[in-house]
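Student: File start_11.cif below, mmCIF, C-alpha atoms:
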```cif
data_work
#
loop_
_atom_site.label_atom_id
_atom_site.label_comp_id
_atom_site.auth_asym_id
_atom_site.auth_seq_id
_atom_site.Cartn_x
_atom_site.Cartn_y
_atom_site.Cartn_z
CA MET A 1 46.76 3.62 -58.04
CA SER A 2 43.04 3.28 -58.84
CA THR A 3 42.56 7.07 -58.61
CA LEU A 4 45.43 7.76 -61.03
CA LEU A 5 44.12 5.06 -63.37
CA SER A 6 40.64 6.59 -63.28
CA VAL A 7 42.06 10.05 -63.99
CA SER A 8 44.08 8.79 -66.97
CA ILE A 9 41.08 6.91 -68.37
CA ALA A 10 38.92 10.00 -67.90
CA LEU A 11 41.40 12.16 -69.81
CA PHE A 12 41.74 9.58 -72.59
CA ALA A 13 37.96 9.26 -72.83
CA GLY A 14 37.60 13.02 -73.11
CA LEU A 15 40.23 13.30 -75.84
CA LEU A 16 38.76 10.41 -77.85
CA MET A 17 35.26 11.85 -77.52
CA THR A 18 36.46 15.13 -79.08
CA ARG A 19 37.25 13.18 -82.26
CA VAL A 20 33.65 12.01 -82.45
CA PHE A 21 32.21 15.43 -81.65
CA LYS A 22 34.50 17.16 -84.14
CA ARG A 23 32.77 15.28 -86.96
CA LEU A 24 29.45 16.52 -85.56
CA LYS A 25 30.90 20.06 -85.40
CA LEU A 26 30.22 20.31 -81.68
CA PRO A 27 32.46 22.05 -79.08
CA ALA A 28 35.14 20.09 -77.24
CA VAL A 29 33.58 21.17 -73.92
CA THR A 30 30.44 19.15 -74.68
CA ALA A 31 32.61 16.18 -75.68
CA TYR A 32 34.45 16.29 -72.35
CA LEU A 33 31.18 16.49 -70.41
CA VAL A 34 29.65 13.53 -72.27
CA ALA A 35 32.85 11.54 -71.73
CA GLY A 36 32.55 12.35 -68.03
CA VAL A 37 28.99 11.04 -67.93
CA LEU A 38 30.18 7.79 -69.60
CA VAL A 39 33.00 7.18 -67.09
CA GLY A 40 30.87 8.41 -64.17
CA PRO A 41 28.95 6.49 -61.49
CA TYR A 42 25.88 5.97 -63.71
CA CYS A 43 27.64 4.28 -66.67
CA LEU A 44 31.07 2.59 -66.53
CA GLY A 45 31.38 3.44 -62.84
CA ALA A 46 28.24 1.39 -62.16
CA LEU A 47 30.21 -1.77 -63.09
CA LYS A 48 32.27 -1.23 -59.89
CA ILE A 49 35.51 -2.20 -61.63
CA GLU A 50 38.37 -0.36 -59.93
CA GLY A 51 40.08 2.08 -62.27
CA LEU A 52 37.60 1.71 -65.15
CA GLY A 53 35.61 4.75 -64.10
CA PHE A 54 34.45 6.79 -61.13
CA ASN A 55 32.29 4.28 -59.27
CA SER A 56 31.04 6.44 -56.38
CA ALA A 57 30.57 9.97 -55.10
CA GLU A 58 33.47 9.34 -52.70
CA SER A 59 35.84 8.69 -55.60
CA MET A 60 34.76 12.01 -57.13
CA GLU A 61 35.42 13.90 -53.90
CA LYS A 62 39.09 12.86 -54.04
CA LEU A 63 39.42 14.92 -57.22
CA GLY A 64 37.89 18.07 -55.78
CA LEU A 65 41.33 19.70 -55.64
CA ILE A 66 41.66 19.43 -59.43
CA ALA A 67 38.38 21.32 -59.86
CA ASP A 68 39.49 24.05 -57.44
CA VAL A 69 42.81 24.52 -59.22
CA ALA A 70 41.22 24.49 -62.68
CA LEU A 71 38.66 27.12 -61.68
CA GLY A 72 41.49 29.23 -60.27
CA PHE A 73 43.33 29.21 -63.61
CA ILE A 74 40.09 29.84 -65.51
CA ALA A 75 39.39 32.89 -63.36
CA PHE A 76 43.03 34.02 -63.75
CA SER A 77 42.63 33.86 -67.54
CA ILE A 78 39.34 35.78 -67.47
CA GLY A 79 41.03 38.46 -65.36
CA ASN A 80 43.27 39.04 -68.37
CA GLU A 81 40.20 40.41 -70.18
CA PHE A 82 40.05 43.38 -67.80
CA ARG A 83 42.89 45.31 -69.40
CA ALA A 84 42.48 49.05 -68.87
CA SER A 85 42.82 49.77 -72.59
CA ASP A 86 39.90 47.45 -73.39
CA LEU A 87 37.73 48.54 -70.46
CA LYS A 88 37.78 52.13 -71.74
CA LYS A 89 35.79 50.86 -74.73
CA THR A 90 33.50 48.24 -73.15
CA GLY A 91 33.65 48.80 -69.36
CA ARG A 92 30.43 50.81 -69.06
CA GLN A 93 28.50 48.43 -71.33
CA ALA A 94 29.80 45.32 -69.54
CA LEU A 95 28.88 46.72 -66.11
CA ILE A 96 25.32 47.65 -67.10
CA ILE A 97 24.63 44.45 -69.04
CA GLY A 98 26.22 42.26 -66.36
CA ILE A 99 23.92 43.64 -63.65
CA VAL A 100 20.72 43.86 -65.72
CA GLN A 101 20.81 40.39 -67.29
CA ALA A 102 21.45 38.76 -63.90
CA LEU A 103 18.58 40.61 -62.19
CA VAL A 104 16.16 40.00 -65.07
CA ALA A 105 16.95 36.26 -64.98
CA THR A 106 16.17 36.24 -61.24
CA LEU A 107 12.90 38.13 -61.81
CA PHE A 108 11.76 35.79 -64.60
CA VAL A 109 12.51 32.65 -62.58
CA ASP A 110 10.91 34.02 -59.39
CA LEU A 111 7.66 34.96 -61.19
CA ALA A 112 7.47 31.68 -63.14
CA LEU A 113 8.16 29.52 -60.09
CA TYR A 114 5.70 31.51 -58.00
CA GLY A 115 3.02 30.67 -60.55
CA LEU A 116 4.07 27.01 -60.29
CA HIS A 117 3.95 27.29 -56.49
CA LEU A 118 0.30 28.36 -56.71
CA LEU A 119 -0.44 25.27 -58.82
CA MET A 120 1.52 22.77 -56.68
CA PRO A 121 2.23 24.34 -53.24
CA ASP A 122 3.05 20.93 -51.74
CA LYS A 123 5.96 20.48 -54.16
CA LEU A 124 7.49 23.97 -54.25
CA SER A 125 7.60 26.45 -51.37
CA VAL A 126 8.20 30.22 -51.42
CA PRO A 127 11.65 29.95 -49.72
CA GLN A 128 12.69 27.39 -52.34
CA LEU A 129 11.60 29.49 -55.30
CA ILE A 130 13.35 32.61 -53.93
CA THR A 131 16.61 30.66 -53.59
CA LEU A 132 16.30 29.15 -57.08
CA GLY A 133 15.68 32.62 -58.49
CA ALA A 134 18.96 33.79 -56.96
CA ILE A 135 20.86 30.77 -58.32
CA ALA A 136 19.57 31.70 -61.79
CA THR A 137 21.97 34.67 -61.87
CA ALA A 138 25.06 32.46 -62.07
CA THR A 139 26.80 31.82 -65.39
CA ALA A 140 29.64 29.34 -65.98
CA PRO A 141 32.81 31.15 -67.05
CA ALA A 142 34.69 27.90 -67.69
CA ALA A 143 32.51 26.61 -70.53
CA THR A 144 32.37 30.03 -72.18
CA LEU A 145 36.15 30.50 -72.01
CA MET A 146 36.81 27.04 -73.46
CA VAL A 147 34.54 27.69 -76.47
CA VAL A 148 36.19 31.07 -77.08
CA ARG A 149 39.64 29.46 -76.97
CA GLN A 150 38.82 26.43 -79.09
CA TYR A 151 37.38 28.46 -81.96
CA LYS A 152 39.68 31.46 -81.45
CA ALA A 153 36.64 33.73 -81.23
CA LYS A 154 37.44 37.39 -81.61
CA GLY A 155 35.20 40.38 -82.12
CA PRO A 156 32.81 42.84 -80.40
CA LEU A 157 30.65 40.12 -78.83
CA THR A 158 33.61 38.18 -77.40
CA SER A 159 35.23 41.36 -76.06
CA LEU A 160 32.03 42.13 -74.15
CA LEU A 161 31.15 38.56 -73.18
CA LEU A 162 34.12 37.62 -70.97
CA PRO A 163 33.98 40.72 -68.72
CA ILE A 164 30.20 40.22 -68.34
CA VAL A 165 30.69 36.58 -67.32
CA ALA A 166 33.23 37.72 -64.74
CA LEU A 167 30.98 40.48 -63.35
CA ASP A 168 28.10 38.02 -63.28
CA ASP A 169 29.72 36.12 -60.43
CA ALA A 170 29.98 39.23 -58.23
CA VAL A 171 26.35 40.15 -58.92
CA GLY A 172 25.27 36.55 -58.35
CA LEU A 173 27.02 36.35 -54.98
CA ILE A 174 25.23 39.49 -53.74
CA VAL A 175 21.80 38.43 -55.05
CA PHE A 176 22.17 34.94 -53.65
CA ALA A 177 23.36 36.12 -50.23
CA VAL A 178 20.45 38.55 -49.89
CA SER A 179 17.88 36.03 -51.20
CA PHE A 180 19.24 33.23 -49.03
CA GLY A 181 19.12 35.49 -45.99
CA ILE A 182 15.47 36.27 -46.75
CA THR A 183 14.78 32.56 -47.23
CA LYS A 184 16.24 31.68 -43.83
CA SER A 185 14.24 34.51 -42.26
CA LEU A 186 11.01 33.09 -43.75
CA ILE A 187 11.80 29.62 -42.39
CA VAL A 188 13.10 30.64 -38.97
CA GLY A 189 10.87 33.68 -38.53
CA ALA A 190 13.67 36.11 -37.61
CA VAL A 191 15.59 38.59 -39.76
CA ASP A 192 19.40 38.29 -39.70
CA THR A 193 20.75 41.62 -41.03
CA VAL A 194 24.37 40.48 -40.87
CA SER A 195 23.75 37.43 -43.07
CA ILE A 196 21.62 39.33 -45.57
CA PHE A 197 23.67 42.50 -46.06
CA VAL A 198 27.04 42.43 -44.28
CA ASN A 199 28.49 39.00 -45.08
CA PRO A 200 28.06 39.14 -48.89
CA LEU A 201 29.68 42.59 -49.05
CA VAL A 202 32.52 41.42 -46.79
CA GLU A 203 33.12 38.38 -49.02
CA ILE A 204 33.32 40.48 -52.19
CA VAL A 205 35.50 43.21 -50.66
CA CYS A 206 37.86 40.67 -49.06
CA SER A 207 38.06 38.65 -52.29
CA LEU A 208 38.91 41.68 -54.41
CA GLY A 209 41.38 42.96 -51.80
CA LEU A 210 43.21 39.63 -51.51
CA GLY A 211 43.34 39.25 -55.30
CA ALA A 212 44.69 42.79 -55.76
CA LEU A 213 47.39 42.26 -53.11
CA MET A 214 48.50 38.98 -54.69
CA GLY A 215 48.53 40.62 -58.13
CA PHE A 216 50.87 43.40 -57.05
CA VAL A 217 53.16 40.93 -55.25
CA LEU A 218 53.28 38.68 -58.33
CA THR A 219 54.23 41.62 -60.57
CA TRP A 220 57.02 42.60 -58.17
CA LEU A 221 58.38 39.05 -57.94
CA GLU A 222 58.40 38.63 -61.73
CA LYS A 223 61.10 41.33 -61.89
CA LEU A 224 63.49 39.06 -59.98
CA PHE A 225 63.66 36.55 -62.85
CA ASN A 226 65.03 36.94 -66.38
CA SER A 227 64.06 33.53 -67.76
CA ASN A 228 60.53 33.25 -69.21
CA THR A 229 60.42 29.65 -68.00
CA ASN A 230 61.04 30.74 -64.40
CA ARG A 231 58.50 33.54 -64.77
CA LEU A 232 55.93 31.05 -66.02
CA ASN A 233 56.69 28.71 -63.11
CA LEU A 234 56.28 31.63 -60.70
CA SER A 235 52.92 32.59 -62.24
CA ILE A 236 51.63 29.03 -61.93
CA ALA A 237 52.86 28.74 -58.34
CA PHE A 238 51.19 32.05 -57.51
CA VAL A 239 47.82 30.97 -58.86
CA LEU A 240 48.07 27.80 -56.76
CA LEU A 241 48.96 29.89 -53.70
CA THR A 242 46.08 32.27 -54.35
CA VAL A 243 43.60 29.40 -54.69
CA SER A 244 44.77 27.96 -51.37
CA LEU A 245 44.52 31.34 -49.57
CA SER A 246 40.99 31.85 -50.93
CA MET A 247 39.93 28.74 -49.00
CA LEU A 248 40.42 30.58 -45.69
CA ASP A 249 37.20 30.75 -43.73
CA PHE A 250 36.73 32.22 -40.24
CA HIS A 251 34.51 34.48 -38.10
CA ILE A 252 35.15 37.82 -36.43
CA GLY A 253 32.29 38.12 -34.01
CA ALA A 254 29.06 37.72 -35.95
CA VAL A 255 30.73 38.56 -39.28
CA HIS A 256 31.71 35.64 -41.49
CA ILE A 257 35.01 36.21 -43.33
CA SER A 258 35.23 34.11 -46.49
CA PHE A 259 36.53 34.43 -50.04
CA SER A 260 35.30 33.58 -53.52
CA SER A 261 38.19 31.83 -55.30
CA LEU A 262 36.79 32.96 -58.65
CA LEU A 263 36.77 36.63 -57.66
CA VAL A 264 40.18 36.40 -55.97
CA CYS A 265 41.86 34.79 -58.99
CA MET A 266 40.08 37.13 -61.42
CA MET A 267 41.40 40.13 -59.52
CA LEU A 268 44.86 38.51 -59.45
CA GLY A 269 44.76 38.25 -63.26
CA THR A 270 43.36 41.77 -63.65
CA ILE A 271 46.08 43.45 -61.56
CA PHE A 272 48.81 41.31 -63.09
CA CYS A 273 47.82 42.04 -66.71
CA ASN A 274 47.66 45.79 -66.03
CA THR A 275 50.90 46.12 -64.05
CA CYS A 276 53.30 43.60 -65.66
CA ASP A 277 54.70 44.39 -69.11
CA LEU A 278 55.26 40.69 -69.84
CA SER A 279 51.81 39.57 -68.71
CA LYS A 280 50.39 38.97 -72.19
CA ASP A 281 53.17 36.56 -73.17
CA LEU A 282 53.08 34.81 -69.79
CA MET A 283 49.29 34.45 -69.94
CA GLU A 284 49.54 32.80 -73.36
CA ARG A 285 52.19 30.37 -72.07
CA ALA A 286 50.06 29.56 -69.00
CA ASP A 287 47.04 28.88 -71.23
CA LYS A 288 48.99 26.17 -73.09
CA TRP A 289 50.14 24.61 -69.81
CA THR A 290 46.60 24.43 -68.45
CA SER A 291 44.96 22.81 -71.50
CA PRO A 292 44.98 19.21 -70.12
CA LEU A 293 43.94 20.51 -66.69
CA PHE A 294 40.84 22.16 -68.18
CA ALA A 295 40.01 19.03 -70.20
CA LEU A 296 40.18 16.89 -67.05
CA PHE A 297 38.11 19.47 -65.16
CA PHE A 298 35.22 19.16 -67.62
CA VAL A 299 35.39 15.36 -67.72
CA ILE A 300 35.16 15.31 -63.92
CA SER A 301 32.30 17.84 -64.07
CA GLY A 302 30.45 15.50 -66.43
CA ALA A 303 31.01 12.56 -64.10
CA GLU A 304 29.55 14.57 -61.20
CA LEU A 305 26.25 15.17 -63.00
CA GLU A 306 23.60 13.10 -61.24
CA LEU A 307 21.27 11.40 -63.71
CA ASN A 308 18.91 10.14 -61.01
CA VAL A 309 17.33 13.62 -60.77
CA PHE A 310 15.11 12.55 -63.69
CA ALA A 311 13.38 9.97 -61.48
CA ASP A 312 11.08 12.50 -59.76
CA TYR A 313 8.42 14.07 -62.02
CA ALA A 314 8.17 17.14 -59.77
CA ILE A 315 11.86 17.87 -60.21
CA VAL A 316 11.52 17.51 -63.98
CA ILE A 317 8.56 19.92 -64.10
CA VAL A 318 10.17 22.54 -61.85
CA GLY A 319 13.49 22.04 -63.63
CA VAL A 320 12.00 22.61 -67.08
CA VAL A 321 10.25 25.79 -65.90
CA TYR A 322 13.48 26.99 -64.26
CA ILE A 323 15.55 26.33 -67.42
CA VAL A 324 13.05 27.94 -69.80
CA PHE A 325 12.51 31.12 -67.80
CA ARG A 326 16.15 31.53 -66.78
CA SER A 327 17.06 31.28 -70.46
CA LEU A 328 14.41 33.85 -71.37
CA GLY A 329 15.58 36.15 -68.58
CA LYS A 330 19.21 35.93 -69.66
CA TYR A 331 18.34 36.52 -73.30
CA PHE A 332 15.93 39.42 -72.93
CA GLY A 333 17.91 41.01 -70.08
CA ALA A 334 21.05 41.00 -72.23
CA TYR A 335 19.14 42.03 -75.37
CA ALA A 336 17.47 45.06 -73.77
CA SER A 337 20.51 46.30 -71.83
CA ALA A 338 22.92 45.77 -74.76
CA LYS A 339 20.61 47.62 -77.12
CA ALA A 340 20.17 50.44 -74.59
CA THR A 341 23.96 50.84 -74.31
CA ASP A 342 24.35 51.19 -78.09
CA CYS A 343 25.88 47.80 -78.81
CA ALA A 344 25.95 46.57 -82.40
CA PRO A 345 22.97 44.48 -83.61
CA SER A 346 25.19 41.39 -83.92
CA THR A 347 25.99 41.81 -80.21
CA TYR A 348 22.57 42.43 -78.68
CA LYS A 349 20.93 39.72 -80.81
CA TYR A 350 23.25 36.93 -79.71
CA LEU A 351 24.80 37.98 -76.38
CA GLY A 352 22.04 36.45 -74.24
CA ILE A 353 22.50 33.03 -75.85
CA THR A 354 26.16 32.94 -74.81
CA LEU A 355 25.20 33.48 -71.15
CA LEU A 356 23.22 30.23 -70.78
CA PRO A 357 25.93 27.80 -69.48
CA GLN A 358 25.71 27.23 -65.73
CA ALA A 359 27.89 25.11 -63.46
CA GLY A 360 30.46 25.77 -60.71
CA VAL A 361 29.10 28.89 -59.00
CA ALA A 362 25.52 27.59 -59.15
CA LEU A 363 26.61 24.27 -57.61
CA GLY A 364 28.37 26.18 -54.85
CA MET A 365 25.17 28.11 -54.16
CA CYS A 366 23.02 24.98 -54.01
CA THR A 367 25.53 23.41 -51.61
CA THR A 368 25.00 26.41 -49.32
CA ALA A 369 21.26 25.95 -49.72
CA MET A 370 21.56 22.43 -48.26
CA ALA A 371 21.78 24.16 -44.86
CA LEU A 372 18.00 24.58 -45.15
CA GLY A 373 17.58 20.86 -44.53
CA ALA A 374 14.63 19.25 -46.31
CA GLU A 375 13.92 22.52 -48.15
CA GLY A 376 17.44 22.44 -49.58
CA ASN A 377 17.18 18.96 -51.14
CA LEU A 378 14.78 20.11 -53.85
CA ILE A 379 16.91 23.19 -54.56
CA ARG A 380 19.97 20.98 -55.00
CA ASN A 381 18.21 18.54 -57.33
CA ILE A 382 16.70 21.30 -59.49
CA THR A 383 20.12 22.94 -59.80
CA LEU A 384 21.73 19.61 -60.74
CA PHE A 385 19.01 19.04 -63.35
CA ALA A 386 19.59 22.50 -64.84
CA VAL A 387 23.38 22.18 -64.79
CA LEU A 388 23.13 18.85 -66.64
CA ILE A 389 21.07 20.41 -69.44
CA TYR A 390 22.96 23.70 -69.59
CA GLU A 391 26.43 22.16 -69.57
CA LEU A 392 25.60 19.69 -72.35
CA PHE A 393 23.83 22.15 -74.64
CA GLY A 394 25.08 25.57 -73.48
CA PRO A 395 28.50 25.35 -75.19
CA VAL A 396 26.80 24.35 -78.46
CA PHE A 397 24.53 27.41 -78.32
CA THR A 398 27.52 29.60 -77.40
CA ARG A 399 29.41 28.43 -80.48
CA MET A 400 26.36 28.97 -82.69
CA ALA A 401 25.83 32.49 -81.30
CA LEU A 402 29.48 33.50 -81.70
CA THR A 403 29.46 32.14 -85.25
CA ALA A 404 26.24 33.99 -86.13
CA ALA A 405 27.71 37.20 -84.67
CA GLY A 406 30.80 36.81 -86.84
CA ASP A 407 33.25 36.34 -83.96
CA ILE A 408 34.06 32.77 -85.04
CA LYS A 409 35.44 32.83 -88.57
CA PRO A 410 35.29 29.84 -90.95
CA MET A 411 38.67 28.24 -91.51
CA ALA A 412 40.40 30.02 -94.40
CA ASP A 413 40.95 28.02 -97.60
CA GLU A 414 44.72 28.54 -97.41
CA VAL A 415 44.79 27.06 -93.90
CA LYS A 416 42.74 24.07 -95.06
CA ASN A 417 45.06 23.55 -98.04
CA ARG A 418 48.15 23.80 -95.84
CA ARG A 419 46.80 21.18 -93.44
CA GLN A 420 45.79 18.90 -96.31
CA THR A 421 49.28 19.21 -97.83
CA LYS A 422 50.90 18.29 -94.50
CA LEU A 423 48.65 15.22 -94.19
CA GLU A 424 49.49 14.09 -97.75
CA LEU A 425 53.24 14.55 -97.17
CA ALA A 426 53.04 12.58 -93.92
CA LYS A 427 51.18 9.80 -95.72
CA LEU A 428 53.79 9.67 -98.51
CA ASN A 429 56.64 9.52 -95.98
CA THR A 430 54.92 6.64 -94.18
CA GLU A 431 54.44 4.71 -97.41
CA GLU A 432 58.10 5.21 -98.43
CA LYS A 433 59.30 3.83 -95.12
#
```
Output the structure of this file as structure tokens.
Tutor:
Amino acid sequence: MSTLLSVSIALFAGLLMTRVFKRLKLPAVTAYLVAGVLVGPYCLGALKIEGLGFNSAESMEKLGLIADVALGFIAFSIGNEFRASDLKKTGRQALIIGIVQALVATLFVDLALYGLHLLMPDKLSVPQLITLGAIATATAPAATLMVVRQYKAKGPLTSLLLPIVALDDAVGLIVFAVSFGITKSLIVGAVDTVSIFVNPLVEIVCSLGLGALMGFVLTWLEKLFNSNTNRLNLSIAFVLLTVSLSMLDFHIGAVHISFSSLLVCMMLGTIFCNTCDLSKDLMERADKWTSPLFALFFVISGAELELNVFADYAIVIVGVVYIVFRSLGKYFGAYASAKATDCAPSTYKYLGITLLPQAGVALGMCTTAMALGAEGNLIRNITLFAVLIYELFGPVFTRMALTAAGDIKPMADEVKNRRQTKLELAKLNTEEK
């Protein structure tokens, strides 16, 4: 009962907070995250009143399934952006920009943190800075997608942004796996070729293969139903099934077989949207069904942000350097590669700003880094610090960039007048009653 009560309060808090943030002209994503912080263990949860908020890390762990499912649907929706007709126009640009901006962000963070290592070697080691540089590649697709949906962004920048965010995860997984393998080699003193090169490639290939298989099966099964309601139910059930299958984890000899749920579900959406004639309509229906799920996902994400990372001055210093240079790397990497691939000025000027949000994938990477023991604690805390800042302010910058690029249009006067007329009529009807 207490868990359900906490979930309902979290959702209500998120919805009410959007009313406040709407007046401030801030994205709903930021409102959900702030609401999560308020009902989390450091605010209302600290009162230890059952059901009033999330009062411990254990209570948050019970809701991990919601986060997994939400990320699966987010990835499924992003896969819809990989339609063959659109990729003919932007595929080459998205591929180049997606790789370059991720690698430049890693380079900027590695160089900056190495300079900091020389100044304070007792606080930041070389293995730690290499791992943090790899984590810098990751971008949060969830926050970006929510901003695009809320403001109905449409244009050259948006068309390029979503495929880049999707590709970013594949690039990030490879960079992190290689960097983490090097980090372990520096600590242990032995090079593990399988961990550095084989396992990351196996994870990506297996993820794409599983997603493609599920996509073809979903398209075939859709033909068995004539009702759109049943087709929608089948699509939802299939995403849930795909998320569960992506949790498989086992070894074949020295090779670790695992899957990235984001890549699996993105490939599911990509194959489905390119092979099913009804995919566009079904995707739109699924988006409406998942709206409260996404809202709850971001409230829970806000509640998981650990505010105690501000207590250590070393973490704050390293965190600020990480945030500044990752942001610079993302911006200039996107700017240079977008300009080199003949993107419009409105695209290469603002694309890098939209790539700042960071959350789920980065948190997954820092969880892996905890295997380093004491070395991993700092990596985790720096990542949490960065995620807190990026998730609160990243969506705001994304909205500003999309607006400046012209992809978010001001509400038309006729729409404003229509809404005002409806409100006045509703008020008159209430008064008459």
Student: I need the residue nearest A:Asp281 from this list: A:Leu232, A:Met400, A:Leu145, A:Met214. Use only C-alpha atoms for the distance.
Tutor: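 Among the listed residues, the smallest separation from A:Asp281 belongs to A:Leu232.
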Student: Determine the nearest neighbour of A:Leu157 from the options A:Met267, A:Thr90, A:Ser6, A:Gly14, counting all atoms listed in the file.
Tutor: A:Thr90
Student: Can you work out which one of A:Val324, A:Ala404, A:Val69, A:Leu363 has the shortest atom-to-atom distance to A:Ala140, counting only C-alpha atoms?
Tutor: A:Leu363
Student: Between A:Trp220, A:Tyr390, A:Tyr335, A:Phe76, which is the closest to A:Asp277 once you count all atoms listed in the file?
Tutor: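 Result for the nearest residue to A:Asp277: A:Trp220.
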Student: With distances taken over only C-alpha atoms, which of A:Leu111, A:Leu52, A:Ala170, A:Leu296 is nearest to A:Ser260?
Tutor: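 Closest residue, counting only C-alpha atoms: A:Ala170.
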Student: Which residues are near A:Leu107? Cut-off 10 Å, all atoms listed in the file, ignore same chain within fewer than 6 positions. Put them as a ChimeraX atom specification.
Tutor: /A:101,113,130,133-134,136-137,325-326,329
Student: Kindly resolve the PyMOL selection byres ((chain A and resi 268-274) around 7) on the present coordinates and return the residues as a short mmCIF file (atom, residue, chain, number, x, y, z; two decimals) with C-alpha atoms, in the coordinates of the input.
Tutor:
```
data_model
loop_
_atom_site.label_atom_id
_atom_site.label_comp_id
_atom_site.auth_asym_id
_atom_site.auth_seq_id
_atom_site.Cartn_x
_atom_site.Cartn_y
_atom_site.Cartn_z
CA PHE A 76 43.03 34.02 -63.75
CA SER A 77 42.63 33.86 -67.54
CA GLY A 79 41.03 38.46 -65.36
CA ASN A 80 43.27 39.04 -68.37
CA PHE A 82 40.05 43.38 -67.80
CA ARG A 83 42.89 45.31 -69.40
CA ALA A 84 42.48 49.05 -68.87
CA GLY A 211 43.34 39.25 -55.30
CA ALA A 212 44.69 42.79 -55.76
CA MET A 214 48.50 38.98 -54.69
CA GLY A 215 48.53 40.62 -58.13
CA PHE A 216 50.87 43.40 -57.05
CA THR A 219 54.23 41.62 -60.57
CA VAL A 264 40.18 36.40 -55.97
CA CYS A 265 41.86 34.79 -58.99
CA MET A 266 40.08 37.13 -61.42
CA MET A 267 41.40 40.13 -59.52
CA THR A 275 50.90 46.12 -64.05
CA CYS A 276 53.30 43.60 -65.66
CA SER A 279 51.81 39.57 -68.71
CA LYS A 280 50.39 38.97 -72.19
#
```
